[in-house]
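Okay, structure first, notes after.
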Amino acid sequence: MKKELRKAVIAGNWKMNNTPSQTTDLINEMKPLVADADCEVVLCVPYIDIPAAVEAAKGSNIKIGAENVHFKASGAYTGEVSTDMLKEAGVEYVVIGHSERRTYFGETDQTVNLRSLAALNAGLKAIICVGETLEQRELGYTETLLKFQTKMALTNVKPEQLKNVIIAYEPVWAIGTGVTATADQADEGNGFVREAIAEAYGAELAETVTVQYGGSMNAKNADELVAKVNVDGGLIGGASLKAQDFSVIVKAASK
Ligand code: 13P
């Protein structure tokens with residue numbers, strides 16, 4: 001395992017939180033706290049907050065991401081947003097296939113794949129989420145499921161596009177619950193994801209792909225999680241809404 005081949009990425013996923021003015025205030029508070037980060041710092045925000053986020057982050061090391069993107073270039077898709085729209089707004093990253101989208105909005109492995117391809121073909125960096133439910137874990141399907149979701153998401157993704165792929169292992173049972181995976185569970189899950197990439201693209205390329213952990217990662221447990229060889233940073237929900245907590249996580253990934 002060659003952790004040094006990969007840049008750690010700490011990405012906040014704000015979910016449905018913060019108005020545009022709150023976005024400006026929070027990013028202004030965060031900027032000085034993360035200025036000396038030795039990892040990528042990304043904030044994925046609601047569509048409506050993107051202009052405020054891009055403006056507030058200007059001249060800083062904070063990159064802005066969206067929380068979803070549609071796979072068609074344009075057309076009659078009420079409520080959806082295209083890659084061109086995001087790029088023109090200054091977005092560099094996009095979260096795809098979050099378990100909340102899979103659970104509440106009918107996202108499937110097929111649509112996750114289509115959205116991933118659209119994002120990557122447009123030159124966006126895709127943060128693709130995979131993860132098992134507690135029931136699936138207890139039935140012993142974690143490895144099978146993580147590998148299946150990873151391979152499905154990456155179907156038809158070209159090897160040279162992997163440099164823009166981040167996979168976030170987010171056990172569903174750890175999201176927003178305060179129950180964090182142990183560092184060993186996170187490392188194991190991320191390892192399954194990396195094995196799936198290796199099976200599809202070869203071990204050498206798989207070593208270069210950033211695999212994050214997400215699920216109740218916070219200022220207290222970040223150190224232990226990001227120290228693991230397969231954990232290349234995190235996708236942070238609740239703790240990314242607090243400047244201090246988020247900056248502690250960024251510092252943990254900068255060591
Ligand atoms: P929490 O950090 O709030 O558990 O959320 C994790 C997550 O879903 C990030 O995408």
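Within each chain, counting starts at residue 1; across the structure tokens, chains are named A, B, ... in the order shown, with ligands numbered 1 upward in that order.
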Any idea what's packed within 10 Å of region 25-38 of chain A, counting only C-alpha atoms, ignoring anything in its chain fewer than 3 positions away? Could you give it as a compact mmCIF listing (two decimals) with N, CA and C atoms, in the first residue's frame?
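Below is the file result05.txt, written as the result:
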# COMPACT_ATOMS: atom_id res chain seq x y z
N LYS A 7 -3.12 11.99 -2.78
CA LYS A 7 -3.34 13.20 -2.00
C LYS A 7 -4.62 13.02 -1.18
N ALA A 8 -4.53 13.30 0.11
CA ALA A 8 -5.74 13.22 0.93
C ALA A 8 -6.69 14.35 0.53
N VAL A 9 -7.96 14.03 0.54
CA VAL A 9 -8.99 15.03 0.23
C VAL A 9 -9.99 15.06 1.39
N ILE A 10 -10.12 16.22 1.99
CA ILE A 10 -11.17 16.40 2.98
C ILE A 10 -12.27 17.23 2.33
N ASN A 18 -27.61 25.53 5.12
CA ASN A 18 -27.05 26.86 4.84
C ASN A 18 -27.70 27.57 3.65
N THR A 19 -28.08 28.80 3.91
CA THR A 19 -28.58 29.69 2.85
C THR A 19 -27.36 30.36 2.20
N PRO A 20 -27.54 31.10 1.10
CA PRO A 20 -26.39 31.79 0.51
C PRO A 20 -25.66 32.71 1.49
N SER A 21 -26.38 33.47 2.28
CA SER A 21 -25.67 34.38 3.20
C SER A 21 -24.94 33.60 4.30
N GLN A 22 -25.55 32.53 4.76
CA GLN A 22 -24.86 31.68 5.75
C GLN A 22 -23.62 31.02 5.12
N VAL A 41 -8.90 20.64 0.10
CA VAL A 41 -10.03 21.05 0.93
C VAL A 41 -11.19 21.42 0.00
N LEU A 43 -15.57 21.96 -0.37
CA LEU A 43 -16.89 22.09 0.24
C LEU A 43 -17.94 21.85 -0.83
N ALA A 52 -22.41 31.97 -4.08
CA ALA A 52 -21.88 32.56 -2.85
C ALA A 52 -20.63 31.83 -2.40
N ALA A 53 -20.63 30.51 -2.53
CA ALA A 53 -19.48 29.71 -2.09
C ALA A 53 -18.25 30.00 -2.96
N VAL A 54 -18.47 30.05 -4.27
CA VAL A 54 -17.35 30.30 -5.19
C VAL A 54 -16.78 31.70 -4.92
N GLU A 55 -17.64 32.65 -4.71
CA GLU A 55 -17.20 34.02 -4.45
C GLU A 55 -16.42 34.09 -3.13
N ALA A 56 -16.95 33.47 -2.10
CA ALA A 56 -16.30 33.54 -0.78
C ALA A 56 -14.96 32.79 -0.79
N ALA A 57 -14.88 31.73 -1.58
CA ALA A 57 -13.66 30.90 -1.56
C ALA A 57 -12.56 31.45 -2.49
N LYS A 58 -12.90 32.46 -3.27
CA LYS A 58 -11.93 33.01 -4.25
C LYS A 58 -10.61 33.36 -3.57
N GLY A 59 -9.51 32.97 -4.20
CA GLY A 59 -8.19 33.31 -3.66
C GLY A 59 -7.77 32.45 -2.48
N SER A 60 -8.60 31.48 -2.08
CA SER A 60 -8.24 30.59 -0.97
C SER A 60 -7.94 29.20 -1.51
N ASN A 61 -7.60 28.27 -0.61
CA ASN A 61 -7.33 26.89 -1.03
C ASN A 61 -8.59 26.02 -0.96
N ILE A 62 -9.74 26.64 -0.75
CA ILE A 62 -10.99 25.86 -0.68
C ILE A 62 -11.59 25.73 -2.08
N SER A 240 -18.80 19.37 8.95
CA SER A 240 -18.38 20.37 7.96
C SER A 240 -19.23 21.64 8.05
N LEU A 241 -20.20 21.62 8.95
CA LEU A 241 -21.04 22.81 9.14
C LEU A 241 -20.47 23.69 10.24
N LYS A 242 -19.39 23.24 10.87
CA LYS A 242 -18.75 24.02 11.95
C LYS A 242 -17.30 24.27 11.57
N ALA A 243 -16.94 25.55 11.46
CA ALA A 243 -15.61 25.91 10.95
C ALA A 243 -14.50 25.27 11.78
N GLN A 244 -14.61 25.36 13.09
CA GLN A 244 -13.54 24.84 13.95
C GLN A 244 -13.38 23.33 13.78
N ASP A 245 -14.48 22.62 13.87
CA ASP A 245 -14.43 21.15 13.77
C ASP A 245 -13.87 20.73 12.41
N PHE A 246 -14.34 21.40 11.35
CA PHE A 246 -13.88 21.05 10.00
C PHE A 246 -12.37 21.28 9.89
N SER A 247 -11.90 22.39 10.47
CA SER A 247 -10.47 22.70 10.35
C SER A 247 -9.61 21.70 11.13
N VAL A 248 -10.13 21.16 12.20
CA VAL A 248 -9.38 20.14 12.95
C VAL A 248 -9.23 18.87 12.08
N ILE A 249 -10.29 18.53 11.36
CA ILE A 249 -10.23 17.36 10.48
C ILE A 249 -9.23 17.60 9.34
N VAL A 250 -9.26 18.81 8.79
CA VAL A 250 -8.31 19.16 7.73
C VAL A 250 -6.87 19.04 8.26
N LYS A 251 -6.67 19.49 9.48
CA LYS A 251 -5.32 19.40 10.07
C LYS A 251 -4.91 17.94 10.26
N ALA A 252 -5.84 17.10 10.66
CA ALA A 252 -5.53 15.68 10.86
C ALA A 252 -5.06 15.05 9.55
N ALA A 253 -5.68 15.46 8.45
CA ALA A 253 -5.32 14.88 7.13
C ALA A 253 -4.08 15.53 6.56
N SER A 254 -3.58 16.57 7.18
CA SER A 254 -2.41 17.30 6.67
C SER A 254 -1.12 16.79 7.29
N LYS A 255 -1.23 15.86 8.24
CA LYS A 255 -0.02 15.41 8.95
C LYS A 255 0.83 14.49 8.08
Using only C-alpha atoms and all ligand atoms, which residues of the polymer chains come no farther than 10 Å from ligand 1? I'd like the answer as a compact mmCIF listing (two decimals) with N, CA, C and O atoms, in the first residue's frame.
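Output below, filename part-v5.txt:
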# COMPACT_ATOMS: atom_id res chain seq x y z
N ALA A 11 -13.43 16.62 2.20
CA ALA A 11 -14.55 17.29 1.54
C ALA A 11 -15.73 17.39 2.50
O ALA A 11 -16.12 16.40 3.11
N GLY A 12 -16.26 18.58 2.63
CA GLY A 12 -17.50 18.75 3.38
C GLY A 12 -18.67 18.48 2.46
O GLY A 12 -18.63 18.84 1.28
N ASN A 13 -19.68 17.80 2.98
CA ASN A 13 -20.94 17.65 2.26
C ASN A 13 -21.99 18.32 3.14
O ASN A 13 -22.39 17.77 4.16
N TRP A 14 -22.38 19.50 2.72
CA TRP A 14 -23.30 20.29 3.57
C TRP A 14 -24.72 19.74 3.57
O TRP A 14 -25.53 20.13 4.38
N LYS A 15 -25.05 18.88 2.60
CA LYS A 15 -26.41 18.36 2.47
C LYS A 15 -27.39 19.54 2.33
O LYS A 15 -27.03 20.53 1.70
N CYS A 44 -18.75 20.81 -0.64
CA CYS A 44 -19.83 20.50 -1.56
C CYS A 44 -21.11 21.07 -0.97
O CYS A 44 -21.50 20.71 0.15
N GLU A 67 -23.55 18.78 -4.97
CA GLU A 67 -23.96 17.56 -4.27
C GLU A 67 -24.59 16.53 -5.20
O GLU A 67 -24.98 15.44 -4.77
N VAL A 95 -20.40 15.46 -5.76
CA VAL A 95 -20.75 14.22 -5.04
C VAL A 95 -21.77 13.46 -5.88
O VAL A 95 -22.73 14.05 -6.38
N ILE A 96 -21.55 12.18 -6.04
CA ILE A 96 -22.47 11.36 -6.83
C ILE A 96 -22.83 10.08 -6.06
O ILE A 96 -21.96 9.44 -5.46
N GLY A 97 -24.12 9.76 -6.05
CA GLY A 97 -24.56 8.50 -5.47
C GLY A 97 -24.52 8.44 -3.95
O GLY A 97 -24.38 7.36 -3.36
N HIS A 98 -24.69 9.61 -3.32
CA HIS A 98 -24.75 9.58 -1.85
C HIS A 98 -25.89 8.67 -1.40
O HIS A 98 -26.93 8.60 -2.07
N SER A 99 -25.72 8.01 -0.28
CA SER A 99 -26.76 7.06 0.16
C SER A 99 -28.11 7.75 0.38
O SER A 99 -29.16 7.13 0.22
N GLU A 100 -28.07 9.05 0.72
CA GLU A 100 -29.36 9.76 0.88
C GLU A 100 -30.05 9.90 -0.46
O GLU A 100 -31.28 9.84 -0.55
N ILE A 127 -16.85 12.63 -6.72
CA ILE A 127 -16.75 11.95 -5.42
C ILE A 127 -17.91 10.96 -5.37
O ILE A 127 -19.06 11.33 -5.13
N ILE A 128 -17.60 9.70 -5.66
CA ILE A 128 -18.65 8.69 -5.82
C ILE A 128 -18.80 7.92 -4.50
O ILE A 128 -17.83 7.38 -3.97
N CYS A 129 -20.03 7.89 -3.99
CA CYS A 129 -20.26 7.28 -2.68
C CYS A 129 -20.74 5.83 -2.80
O CYS A 129 -21.62 5.53 -3.62
N ALA A 168 -15.85 7.52 -2.06
CA ALA A 168 -16.08 7.72 -0.62
C ALA A 168 -16.80 6.49 -0.07
O ALA A 168 -17.94 6.21 -0.49
N TYR A 169 -16.13 5.77 0.82
CA TYR A 169 -16.79 4.65 1.49
C TYR A 169 -17.57 5.21 2.68
O TYR A 169 -16.97 5.71 3.64
N GLU A 170 -18.88 5.15 2.56
CA GLU A 170 -19.74 5.66 3.62
C GLU A 170 -20.70 4.57 4.07
O GLU A 170 -21.75 4.38 3.44
N PRO A 171 -20.36 3.85 5.14
CA PRO A 171 -21.31 2.86 5.65
C PRO A 171 -22.62 3.57 6.04
O PRO A 171 -22.58 4.55 6.79
N VAL A 172 -23.73 3.11 5.52
CA VAL A 172 -25.00 3.82 5.72
C VAL A 172 -25.32 3.94 7.21
O VAL A 172 -25.83 4.96 7.67
N TRP A 173 -24.95 2.91 7.96
CA TRP A 173 -25.26 2.89 9.39
C TRP A 173 -24.42 3.91 10.17
O TRP A 173 -24.70 4.17 11.35
N ALA A 174 -23.43 4.48 9.56
CA ALA A 174 -22.57 5.44 10.26
C ALA A 174 -22.87 6.88 9.88
O ALA A 174 -22.28 7.81 10.43
N ILE A 175 -23.80 7.09 8.94
CA ILE A 175 -24.06 8.44 8.44
C ILE A 175 -25.07 9.16 9.33
O ILE A 175 -26.20 8.71 9.49
N GLY A 176 -24.61 10.24 9.92
CA GLY A 176 -25.50 11.08 10.72
C GLY A 176 -25.99 10.42 11.99
O GLY A 176 -26.93 10.90 12.62
N THR A 177 -25.37 9.31 12.36
CA THR A 177 -25.85 8.56 13.52
C THR A 177 -24.99 8.76 14.74
O THR A 177 -25.37 8.39 15.85
N GLY A 178 -23.80 9.32 14.55
CA GLY A 178 -22.85 9.42 15.65
C GLY A 178 -22.11 8.11 15.87
O GLY A 178 -21.20 8.03 16.69
N VAL A 179 -22.53 7.07 15.16
CA VAL A 179 -21.82 5.78 15.24
C VAL A 179 -20.78 5.76 14.12
O VAL A 179 -21.13 5.65 12.95
N THR A 180 -19.52 5.91 14.49
CA THR A 180 -18.48 5.89 13.46
C THR A 180 -18.00 4.47 13.28
O THR A 180 -17.96 3.70 14.23
N TYR A 213 -13.11 8.02 3.64
CA TYR A 213 -14.10 7.44 4.55
C TYR A 213 -15.10 8.54 4.90
O TYR A 213 -14.72 9.71 5.06
N GLY A 214 -16.36 8.17 5.04
CA GLY A 214 -17.37 9.12 5.50
C GLY A 214 -18.37 8.44 6.41
O GLY A 214 -18.71 7.27 6.20
N GLY A 215 -18.84 9.16 7.41
CA GLY A 215 -19.83 8.62 8.35
C GLY A 215 -19.45 8.97 9.76
O GLY A 215 -18.59 8.33 10.37
N SER A 216 -20.06 10.06 10.27
CA SER A 216 -19.79 10.53 11.64
C SER A 216 -18.30 10.77 11.89
O SER A 216 -17.81 10.55 13.01
N MET A 217 -17.58 11.19 10.87
CA MET A 217 -16.17 11.58 11.07
C MET A 217 -16.20 12.97 11.70
O MET A 217 -16.94 13.85 11.26
N ASN A 218 -15.40 13.14 12.74
CA ASN A 218 -15.45 14.42 13.45
C ASN A 218 -14.07 14.82 13.97
O ASN A 218 -13.07 14.12 13.72
N GLY A 234 -11.55 12.29 4.03
CA GLY A 234 -12.91 11.99 4.44
C GLY A 234 -13.95 12.85 3.75
O GLY A 234 -13.65 13.92 3.19
N LEU A 235 -15.18 12.32 3.77
CA LEU A 235 -16.34 13.08 3.32
C LEU A 235 -17.16 13.37 4.58
O LEU A 235 -17.63 12.45 5.24
N ILE A 236 -17.27 14.64 4.89
CA ILE A 236 -17.72 15.05 6.21
C ILE A 236 -19.08 15.72 6.13
O ILE A 236 -19.23 16.71 5.41
N GLY A 237 -20.06 15.21 6.86
CA GLY A 237 -21.38 15.83 6.88
C GLY A 237 -21.46 16.86 7.99
O GLY A 237 -20.99 17.99 7.86
N GLY A 238 -22.04 16.46 9.11
CA GLY A 238 -22.32 17.38 10.20
C GLY A 238 -21.14 18.25 10.62
O GLY A 238 -21.29 19.47 10.83
N ALA A 239 -19.97 17.66 10.73
CA ALA A 239 -18.81 18.42 11.22
C ALA A 239 -18.30 19.43 10.19
O ALA A 239 -17.48 20.28 10.53
N SER A 240 -18.80 19.37 8.95
CA SER A 240 -18.38 20.37 7.96
C SER A 240 -19.23 21.64 8.05
O SER A 240 -19.01 22.59 7.31
N LEU A 241 -20.20 21.62 8.95
CA LEU A 241 -21.04 22.81 9.14
C LEU A 241 -20.47 23.69 10.24
O LEU A 241 -21.04 24.74 10.55
Taking only region 2-153 of chain A into account, list the residues labelled strand (DSSP E or B) by DSSP (computed from the backbone), as a PDB file with C-alpha atoms, in the first residue's frame.
ATOM      1  CA  VAL A   9      -8.986  15.031   0.228  1.00  0.00           C
ATOM      2  CA  ILE A  10     -11.172  16.403   2.983  1.00  0.00           C
ATOM      3  CA  ALA A  11     -14.548  17.293   1.541  1.00  0.00           C
ATOM      4  CA  GLY A  12     -17.498  18.749   3.382  1.00  0.00           C
ATOM      5  CA  ASN A  13     -20.944  17.650   2.259  1.00  0.00           C
ATOM      6  CA  GLU A  40      -7.232  19.118  -0.752  1.00  0.00           C
ATOM      7  CA  VAL A  41     -10.029  21.048   0.932  1.00  0.00           C
ATOM      8  CA  VAL A  42     -13.435  20.891  -0.737  1.00  0.00           C
ATOM      9  CA  LEU A  43     -16.887  22.085   0.243  1.00  0.00           C
ATOM     10  CA  CYS A  44     -19.835  20.502  -1.564  1.00  0.00           C
ATOM     11  CA  ILE A  62     -10.990  25.862  -0.683  1.00  0.00           C
ATOM     12  CA  LYS A  63     -12.476  24.217  -3.785  1.00  0.00           C
ATOM     13  CA  ILE A  64     -16.217  24.144  -4.353  1.00  0.00           C
ATOM     14  CA  GLY A  65     -18.289  21.115  -5.228  1.00  0.00           C
ATOM     15  CA  ALA A  66     -21.940  20.330  -5.911  1.00  0.00           C
ATOM     16  CA  TYR A  93     -16.070  18.600  -7.647  1.00  0.00           C
ATOM     17  CA  VAL A  94     -19.386  16.794  -7.485  1.00  0.00           C
ATOM     18  CA  VAL A  95     -20.745  14.223  -5.045  1.00  0.00           C
ATOM     19  CA  ILE A  96     -22.474  11.356  -6.832  1.00  0.00           C
ATOM     20  CA  LYS A 125     -13.861  15.544 -10.206  1.00  0.00           C
ATOM     21  CA  ALA A 126     -16.387  12.943  -9.065  1.00  0.00           C
ATOM     22  CA  ILE A 127     -16.751  11.952  -5.421  1.00  0.00           C
ATOM     23  CA  ILE A 128     -18.649   8.690  -5.816  1.00  0.00           C
ATOM     24  CA  CYS A 129     -20.261   7.276  -2.680  1.00  0.00           C
ATOM     25  CA  VAL A 130     -20.616   3.590  -1.869  1.00  0.00           C
TER      26      VAL A 130
END
| request: For Val229 (chain A), list every protein, DNA or RNA residue within 9 Å, evaluated using only C-alpha atoms, and leave out those in the same chain fewer than 6 positions away; present the list as number ranges by chain. | output: A: 1-3, 187, 191
| Which one of A:Glu160, A:Glu132, A:Glu204, A:Glu4 sits closest to Ala186 (chain A) if you count only C-alpha atoms? |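 Answer, going by the shortest atom-to-atom distance: A:Glu132.
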| task | Mind the document's chain letters and residue numbers, and return as a VMD selection string the residues of region 6-132 of chain A that DSSP labels helix (DSSP H, G or I). | result | chain A and resid 20 to 34 47 to 57 83 to 89 99 to 104 109 to 121
| request: Choose the residue, out of A:Thr108, A:Gln149, A:Leu117, A:Thr103, that has the smallest atom-to-atom separation from Val69 (chain A); count only C-alpha atoms. | output: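 Looking at the shortest contact to Val69 (chain A), the residue is A:Leu117.
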| task | One decimal, Å: what's the distance from CA of Lys72 (chain A) over to CA of Asp84 (chain A), could you say? | result | 10.1 Å
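The gap separating CA of Lys163 (chain A) from CA of Leu205 (chain A) is 9.1 Å, in Å to one decimal.
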| task | Find, counting only C-alpha atoms, the residue in A:Ile50, A:Ala183, A:Val45, A:Leu134 that gets nearest to Val226 (chain A). | result |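 Smallest distance to Val226 (chain A) is found for A:Ala183.
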Write out as CSV the residues of region 123-153 of chain A that have any atom within 12 Å of an atom of region 197-202 of chain A, one row each with the nearest atom pair and its distance in Å to one decimal, counting only C-alpha atoms, sorted by chain and then rising number.
residue,atom,partner,partner_atom,distance
A:Leu146,CA,A:Ile197,CA,10.7
A:Lys147,CA,A:Ile197,CA,8.2
A:Phe148,CA,A:Ile197,CA,10.4
A:Gln149,CA,A:Ile197,CA,10.9
A:Thr150,CA,A:Ile197,CA,7.4
A:Lys151,CA,A:Ile197,CA,7.1
A:Met152,CA,A:Ala200,CA,10.5
A:Ala153,CA,A:Ile197,CA,10.6
